[in-house]
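For reference, input_35.cif is printed below; it contains mmCIF, C-alpha atoms and all ligand atoms.
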data_run
#
loop_
_atom_site.group_PDB
_atom_site.id
_atom_site.type_symbol
_atom_site.label_atom_id
_atom_site.label_comp_id
_atom_site.auth_asym_id
_atom_site.auth_seq_id
_atom_site.Cartn_x
_atom_site.Cartn_y
_atom_site.Cartn_z
ATOM 1 C CA MET S 6 86.650 36.738 185.064
ATOM 2 C CA THR S 7 87.271 36.601 188.799
ATOM 3 C CA ALA S 8 89.696 33.936 189.993
ATOM 4 C CA PRO S 9 87.958 31.496 192.388
ATOM 5 C CA GLU S 10 90.311 32.310 195.263
ATOM 6 C CA THR S 11 89.416 36.001 195.146
ATOM 7 C CA ALA S 12 85.698 35.595 194.398
ATOM 8 C CA PRO S 13 83.584 37.071 197.184
ATOM 9 C CA VAL S 14 82.210 34.506 199.612
ATOM 10 C CA LEU S 15 79.839 36.821 201.348
ATOM 11 C CA GLU S 16 78.193 39.836 199.767
ATOM 12 C CA VAL S 17 76.001 42.481 201.267
ATOM 13 C CA GLU S 18 74.141 44.744 198.898
ATOM 14 C CA GLY S 19 72.161 47.827 199.808
ATOM 15 C CA LEU S 20 71.342 46.512 203.268
ATOM 16 C CA SER S 21 69.096 48.819 205.277
ATOM 17 C CA ASP S 22 67.111 48.645 208.478
ATOM 18 C CA GLU S 23 64.426 51.261 208.735
ATOM 19 C CA CYS S 24 62.635 51.479 212.037
ATOM 20 C CA ALA S 25 59.661 53.477 213.173
ATOM 21 C CA THR S 26 60.371 55.911 215.981
ATOM 22 C CA ARG S 27 58.158 58.463 217.716
ATOM 23 C CA GLY S 28 59.775 61.104 215.502
ATOM 24 C CA GLY S 29 58.969 59.121 212.342
ATOM 25 C CA PRO S 30 60.983 56.597 210.353
ATOM 26 C CA ALA S 31 64.690 56.324 211.148
ATOM 27 C CA PHE S 32 67.464 54.157 209.815
ATOM 28 C CA ALA S 33 69.632 52.014 212.070
ATOM 29 C CA VAL S 34 71.524 50.947 208.922
ATOM 30 C CA THR S 35 71.392 52.783 205.601
ATOM 31 C CA ASP S 36 72.307 51.219 202.251
ATOM 32 C CA VAL S 37 75.416 49.254 203.226
ATOM 33 C CA SER S 38 77.241 47.258 200.543
ATOM 34 C CA PHE S 39 80.465 45.264 200.743
ATOM 35 C CA ALA S 40 81.935 41.948 199.673
ATOM 36 C CA VAL S 41 84.202 39.649 201.644
ATOM 37 C CA PRO S 42 86.656 37.686 199.467
ATOM 38 C CA ARG S 43 87.735 34.227 200.570
ATOM 39 C CA GLY S 44 90.510 34.310 203.150
ATOM 40 C CA ARG S 45 90.098 37.993 204.042
ATOM 41 C CA ARG S 46 89.253 39.231 207.537
ATOM 42 C CA PRO S 47 87.759 42.693 207.309
ATOM 43 C CA GLY S 48 86.924 44.741 210.381
ATOM 44 C CA LEU S 49 83.876 46.900 211.001
ATOM 45 C CA VAL S 50 84.506 49.990 213.077
ATOM 46 C CA GLY S 51 82.125 52.700 214.197
ATOM 47 C CA GLU S 52 80.997 54.684 217.172
ATOM 48 C CA SER S 53 78.400 53.296 219.563
ATOM 49 C CA GLY S 54 74.928 53.342 218.001
ATOM 50 C CA SER S 55 76.229 53.559 214.429
ATOM 51 C CA GLY S 56 74.548 50.289 213.412
ATOM 52 C CA LYS S 57 77.280 47.631 213.655
ATOM 53 C CA THR S 58 75.190 45.139 215.635
ATOM 54 C CA THR S 59 72.102 45.698 213.481
ATOM 55 C CA LEU S 60 74.165 45.147 210.317
ATOM 56 C CA MET S 61 75.613 41.906 211.694
ATOM 57 C CA ARG S 62 72.181 40.690 212.853
ATOM 58 C CA MET S 63 70.939 41.110 209.274
ATOM 59 C CA LEU S 64 74.068 39.481 207.860
ATOM 60 C CA LEU S 65 73.636 36.452 210.127
ATOM 61 C CA GLY S 66 69.946 36.186 209.236
ATOM 62 C CA PHE S 67 68.676 36.951 212.754
ATOM 63 C CA GLN S 68 66.801 39.967 211.475
ATOM 64 C CA ALA S 69 65.321 40.638 208.021
ATOM 65 C CA PRO S 70 66.554 43.815 206.326
ATOM 66 C CA THR S 71 63.933 46.337 205.226
ATOM 67 C CA ALA S 72 65.888 46.683 201.958
ATOM 68 C CA GLY S 73 68.845 44.972 200.328
ATOM 69 C CA ALA S 74 70.149 41.437 200.352
ATOM 70 C CA VAL S 75 72.855 39.121 201.675
ATOM 71 C CA ARG S 76 74.430 36.709 199.178
ATOM 72 C CA PHE S 77 76.450 33.685 200.136
ATOM 73 C CA GLY S 78 78.354 31.761 197.463
ATOM 74 C CA GLY S 79 76.610 33.955 194.865
ATOM 75 C CA ARG S 80 73.083 33.038 196.004
ATOM 76 C CA PRO S 81 70.651 35.176 197.990
ATOM 77 C CA ALA S 82 70.557 33.976 201.601
ATOM 78 C CA ALA S 83 66.888 34.971 201.923
ATOM 79 C CA GLY S 84 65.933 32.265 199.408
ATOM 80 C CA PHE S 85 67.823 29.398 201.041
ATOM 81 C CA SER S 86 66.070 26.091 201.665
ATOM 82 C CA ALA S 87 66.279 24.615 205.163
ATOM 83 C CA GLU S 88 69.367 22.719 204.008
ATOM 84 C CA GLY S 89 70.957 25.842 202.503
ATOM 85 C CA ARG S 90 70.287 27.736 205.713
ATOM 86 C CA LYS S 91 72.010 25.010 207.684
ATOM 87 C CA ALA S 92 75.112 25.199 205.435
ATOM 88 C CA PHE S 93 75.072 28.983 205.815
ATOM 89 C CA ARG S 94 74.799 28.699 209.618
ATOM 90 C CA ARG S 95 77.711 26.299 209.662
ATOM 91 C CA GLN S 96 79.965 28.634 207.683
ATOM 92 C CA VAL S 97 78.829 32.089 208.764
ATOM 93 C CA GLN S 98 79.008 32.426 212.526
ATOM 94 C CA ALA S 99 79.577 35.091 215.120
ATOM 95 C CA VAL S 100 81.575 35.370 218.302
ATOM 96 C CA PHE S 101 79.413 37.692 220.340
ATOM 97 C CA GLN S 102 80.623 40.419 222.641
ATOM 98 C CA ALA S 103 81.026 39.253 226.231
ATOM 99 C CA PRO S 104 81.081 35.544 225.267
ATOM 100 C CA PHE S 105 81.255 34.521 228.944
ATOM 101 C CA GLU S 106 77.667 35.697 229.307
ATOM 102 C CA ALA S 107 76.669 32.901 226.908
ATOM 103 C CA PHE S 108 77.506 30.319 229.562
ATOM 104 C CA ASN S 109 74.537 29.470 231.735
ATOM 105 C CA PRO S 110 75.826 28.049 235.034
ATOM 106 C CA PHE S 111 72.825 25.704 235.269
ATOM 107 C CA TYR S 112 74.148 23.669 232.348
ATOM 108 C CA ARG S 113 77.130 21.364 232.282
ATOM 109 C CA ILE S 114 80.167 22.577 230.358
ATOM 110 C CA GLU S 115 79.496 20.417 227.279
ATOM 111 C CA HIS S 116 76.027 21.931 226.740
ATOM 112 C CA LEU S 117 77.203 24.641 224.298
ATOM 113 C CA PRO S 118 80.084 23.002 222.381
ATOM 114 C CA ILE S 119 78.134 19.795 221.772
ATOM 115 C CA ALA S 120 75.341 21.610 219.913
ATOM 116 C CA PRO S 121 77.223 22.357 216.643
ATOM 117 C CA LEU S 122 79.030 18.997 216.712
ATOM 118 C CA LEU S 123 75.736 17.080 216.793
ATOM 119 C CA GLY S 124 73.563 19.653 214.984
ATOM 120 C CA PHE S 125 75.850 19.871 211.949
ATOM 121 C CA GLY S 126 76.624 16.148 211.994
ATOM 122 C CA LEU S 127 80.348 16.742 212.496
ATOM 123 C CA VAL S 128 80.769 13.647 214.698
ATOM 124 C CA PRO S 129 79.291 10.159 214.409
ATOM 125 C CA SER S 130 78.055 9.959 217.998
ATOM 126 C CA ARG S 131 77.476 11.786 221.248
ATOM 127 C CA LYS S 132 80.364 9.814 222.735
ATOM 128 C CA THR S 133 82.764 11.119 220.024
ATOM 129 C CA ALA S 134 81.485 14.642 220.633
ATOM 130 C CA LEU S 135 82.155 14.373 224.377
ATOM 131 C CA ASP S 136 85.624 12.939 223.701
ATOM 132 C CA ARG S 137 86.407 15.843 221.363
ATOM 133 C CA ILE S 138 85.221 18.398 223.922
ATOM 134 C CA ALA S 139 87.240 16.713 226.667
ATOM 135 C CA ALA S 140 90.349 16.797 224.452
ATOM 136 C CA ALA S 141 89.802 20.489 223.658
ATOM 137 C CA MET S 142 89.385 21.285 227.358
ATOM 138 C CA ALA S 143 92.523 19.335 228.283
ATOM 139 C CA ALA S 144 94.456 21.178 225.555
ATOM 140 C CA VAL S 145 93.816 24.486 227.323
ATOM 141 C CA GLY S 146 94.594 23.173 230.805
ATOM 142 C CA LEU S 147 91.051 22.444 232.016
ATOM 143 C CA ARG S 148 90.142 19.140 233.666
ATOM 144 C CA PRO S 149 87.215 17.665 231.751
ATOM 145 C CA GLY S 150 86.989 14.644 234.060
ATOM 146 C CA MET S 151 85.589 16.883 236.779
ATOM 147 C CA ALA S 152 82.860 18.376 234.579
ATOM 148 C CA ILE S 153 81.830 16.181 231.686
ATOM 149 C CA GLY S 154 79.486 13.447 232.735
ATOM 150 C CA THR S 155 77.124 11.248 230.822
HETATM 151 N N1 LIG S 201 63.932 48.605 215.972
HETATM 152 C C1 LIG S 201 64.547 49.733 216.303
HETATM 153 N N2 LIG S 201 63.833 50.839 216.627
HETATM 154 C C2 LIG S 201 64.434 52.001 216.943
HETATM 155 N N3 LIG S 201 65.766 52.181 216.964
HETATM 156 C C3 LIG S 201 66.541 51.126 216.656
HETATM 157 C C4 LIG S 201 65.988 49.856 216.306
HETATM 158 N N4 LIG S 201 67.023 49.000 216.025
HETATM 159 C C5 LIG S 201 68.145 49.716 216.212
HETATM 160 N N5 LIG S 201 67.873 50.981 216.582
HETATM 161 C C6 LIG S 201 68.855 52.045 216.833
HETATM 162 O O1 LIG S 201 69.781 52.050 215.748
HETATM 163 C C7 LIG S 201 71.067 52.418 216.188
HETATM 164 C C8 LIG S 201 72.095 51.378 215.806
HETATM 165 O O2 LIG S 201 72.194 50.398 216.827
HETATM 166 P P1 LIG S 201 73.287 49.263 216.889
HETATM 167 O O3 LIG S 201 73.184 48.436 215.650
HETATM 168 O O4 LIG S 201 73.084 48.555 218.169
HETATM 169 O O5 LIG S 201 74.662 50.071 216.873
HETATM 170 P P2 LIG S 201 76.129 49.640 217.350
HETATM 171 O O6 LIG S 201 76.168 48.123 217.439
HETATM 172 O O7 LIG S 201 77.036 50.187 216.285
HETATM 173 O O8 LIG S 201 76.371 50.281 218.669
HETATM 174 C C9 LIG S 201 70.951 52.646 217.684
HETATM 175 O O9 LIG S 201 70.780 54.010 217.888
HETATM 176 C C10 LIG S 201 69.711 51.844 218.045
HETATM 177 O O10 LIG S 201 69.117 52.330 219.214
HETATM 178 MG MG MG S 202 76.758 46.869 219.019
#

Using C-alpha cells, write down the structure from this file.
Amino acid sequence: MTAPETAPVLEVEGLSDECATRGGPAFAVTDVSFAVPRGRRPGLVGESGSGKTTLMRMLLGFQAPTAGAVRFGGRPAAGFSAEGRKAFRRQVQAVFQAPFEAFNPFYRIEHLPIAPLLGFGLVPSRKTALDRIAAAMAAVGLRPGMAIGT
C-alpha cells in the first residue's frame, strides 16, 4: 500500500492532443503519463514546439485531451462537479510565462489578486481582501496607499 505522504496528488495518463493539419492528423502531445507525489516539484523540459504548453493546458483543464485523462486526488478531473472543479482550480494553478503581460494597465493593482481571495472565499469581505493585498504590497516595498482605492 502507498503511504499517504507519497501517494500521487496529480496523475496524467496517456494524455494526447491530436490536431488536424493540412498534411493530415498530427500530435502536439503523444501519450504522456506521469504522476506527481505530494511535496515534489518536477520540471518539464523540452525544445520549443515539443508540446509543453499543450500538455499543461490539458493538465489545467483549459483544453480537453483527445485521449487520456488527468486525475486529481485519485478522481478523474473530467468528471468533476462545479464544486470539484473549483477545488481543483484552487489547488492546481499555473504561473504563466511573461507574468507581467497579465497586468492590464487599465485596471487598478488589486484587480488580479482580489479575484482568488473573493472567488475561493479565502477572506470574509472585500475590505479584508484589500487589507491583505495592501500588506503583501508593503512587504515587498510597494506603497499600496497610492494605488488601492475603494
Ligand atoms: N490545434 C493545433 N493545430 C495544429 N498544430 C498545433 C495545435 N496545437 C498545437 N500545435 C502544435 O503542436 C506543437 C506543440 O506546441 P506547444 O505545446 O506550444 O509546444 P511548447 O510549449 O513545448 O513550445 C507546436 O508545433 C504547435 O504549433
Ligand atoms: Mg510553450

- Note on the structure: From atom CA of S:Val37 to atom CA of S:Val97 the spacing works out at 18.4 Å

- Contacts of ligand MG 202 (chain S), 7 Å or closer, only C-alpha atoms and all ligand atoms, given as a count of residues only: 5

- Item | Environment of ligand LIG 201 (chain S) within 12 Å, counting only C-alpha atoms and all ligand atoms, reported as an MDAnalysis selection string | chainID S and resid 21:35 49:64 68:71 101:102

- Selection: 12 Å around S:Phe125, all atoms listed in the file, excl. self and same-chain fewer than 6 positions, as a ChimeraX atom specification: /S:88,90-96,118-119,134

- Item | Pairwise distance for atom CA of S:Ala12 and atom CA of S:Gly78, rounded to one decimal in Å |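 Computing it gives 8.8 Å between the two atoms.
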
Extending 8 Å beyond the listed atoms of stretch 109-120 of chain S on each side, what axis-aligned box results? I want centre and edge lengths in Å to one decimal, as AutoDock Vina command-line options.
--center_x 76.5 --center_y 24.6 --center_z 227.6 --size_x 23.3 --size_y 25.7 --size_z 31.4

- Query: Between atom CA of S:Ser86 and atom CA of S:Gly66, what is the spacing in Å?
  - Reply: 13.2 Å

- Task: Expand the PyMOL selection byres (((chain S and resi 136) around 12) and not hetatm) into the individual residues it matches in the shown file, reporting them as a list of chain:residue names.
- Result: S:Glu115, S:Pro118, S:Ile119, S:Leu122, S:Val128, S:Pro129, S:Ser130, S:Arg131, S:Lys132, S:Thr133, S:Ala134, S:Leu135, S:Arg137, S:Ile138, S:Ala139, S:Ala140, S:Ala141, S:Met142, S:Ala143, S:Pro149, S:Gly150, S:Ile153, S:Gly154, S:Thr155

Taking (75.5, 36.1, 201.2) as a centre in this file's frame and 10 Å as the limit, can you find every polymer residue with an atom that close, using only C-alpha atoms, and give them as a compact mmCIF listing (two decimals) with C-alpha atoms, in the coordinates of the input?
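Contents of the output file out_37.txt:
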# COMPACT_ATOMS: atom_id res chain seq x y z
CA PRO S 13 83.58 37.07 197.18
CA VAL S 14 82.21 34.51 199.61
CA LEU S 15 79.84 36.82 201.35
CA GLU S 16 78.19 39.84 199.77
CA VAL S 17 76.00 42.48 201.27
CA GLU S 18 74.14 44.74 198.90
CA ALA S 40 81.94 41.95 199.67
CA VAL S 41 84.20 39.65 201.64
CA LEU S 64 74.07 39.48 207.86
CA LEU S 65 73.64 36.45 210.13
CA GLY S 66 69.95 36.19 209.24
CA ALA S 74 70.15 41.44 200.35
CA VAL S 75 72.86 39.12 201.68
CA ARG S 76 74.43 36.71 199.18
CA PHE S 77 76.45 33.68 200.14
CA GLY S 78 78.35 31.76 197.46
CA GLY S 79 76.61 33.96 194.86
CA ARG S 80 73.08 33.04 196.00
CA PRO S 81 70.65 35.18 197.99
CA ALA S 82 70.56 33.98 201.60
CA ALA S 83 66.89 34.97 201.92
CA PHE S 93 75.07 28.98 205.82
CA VAL S 97 78.83 32.09 208.76
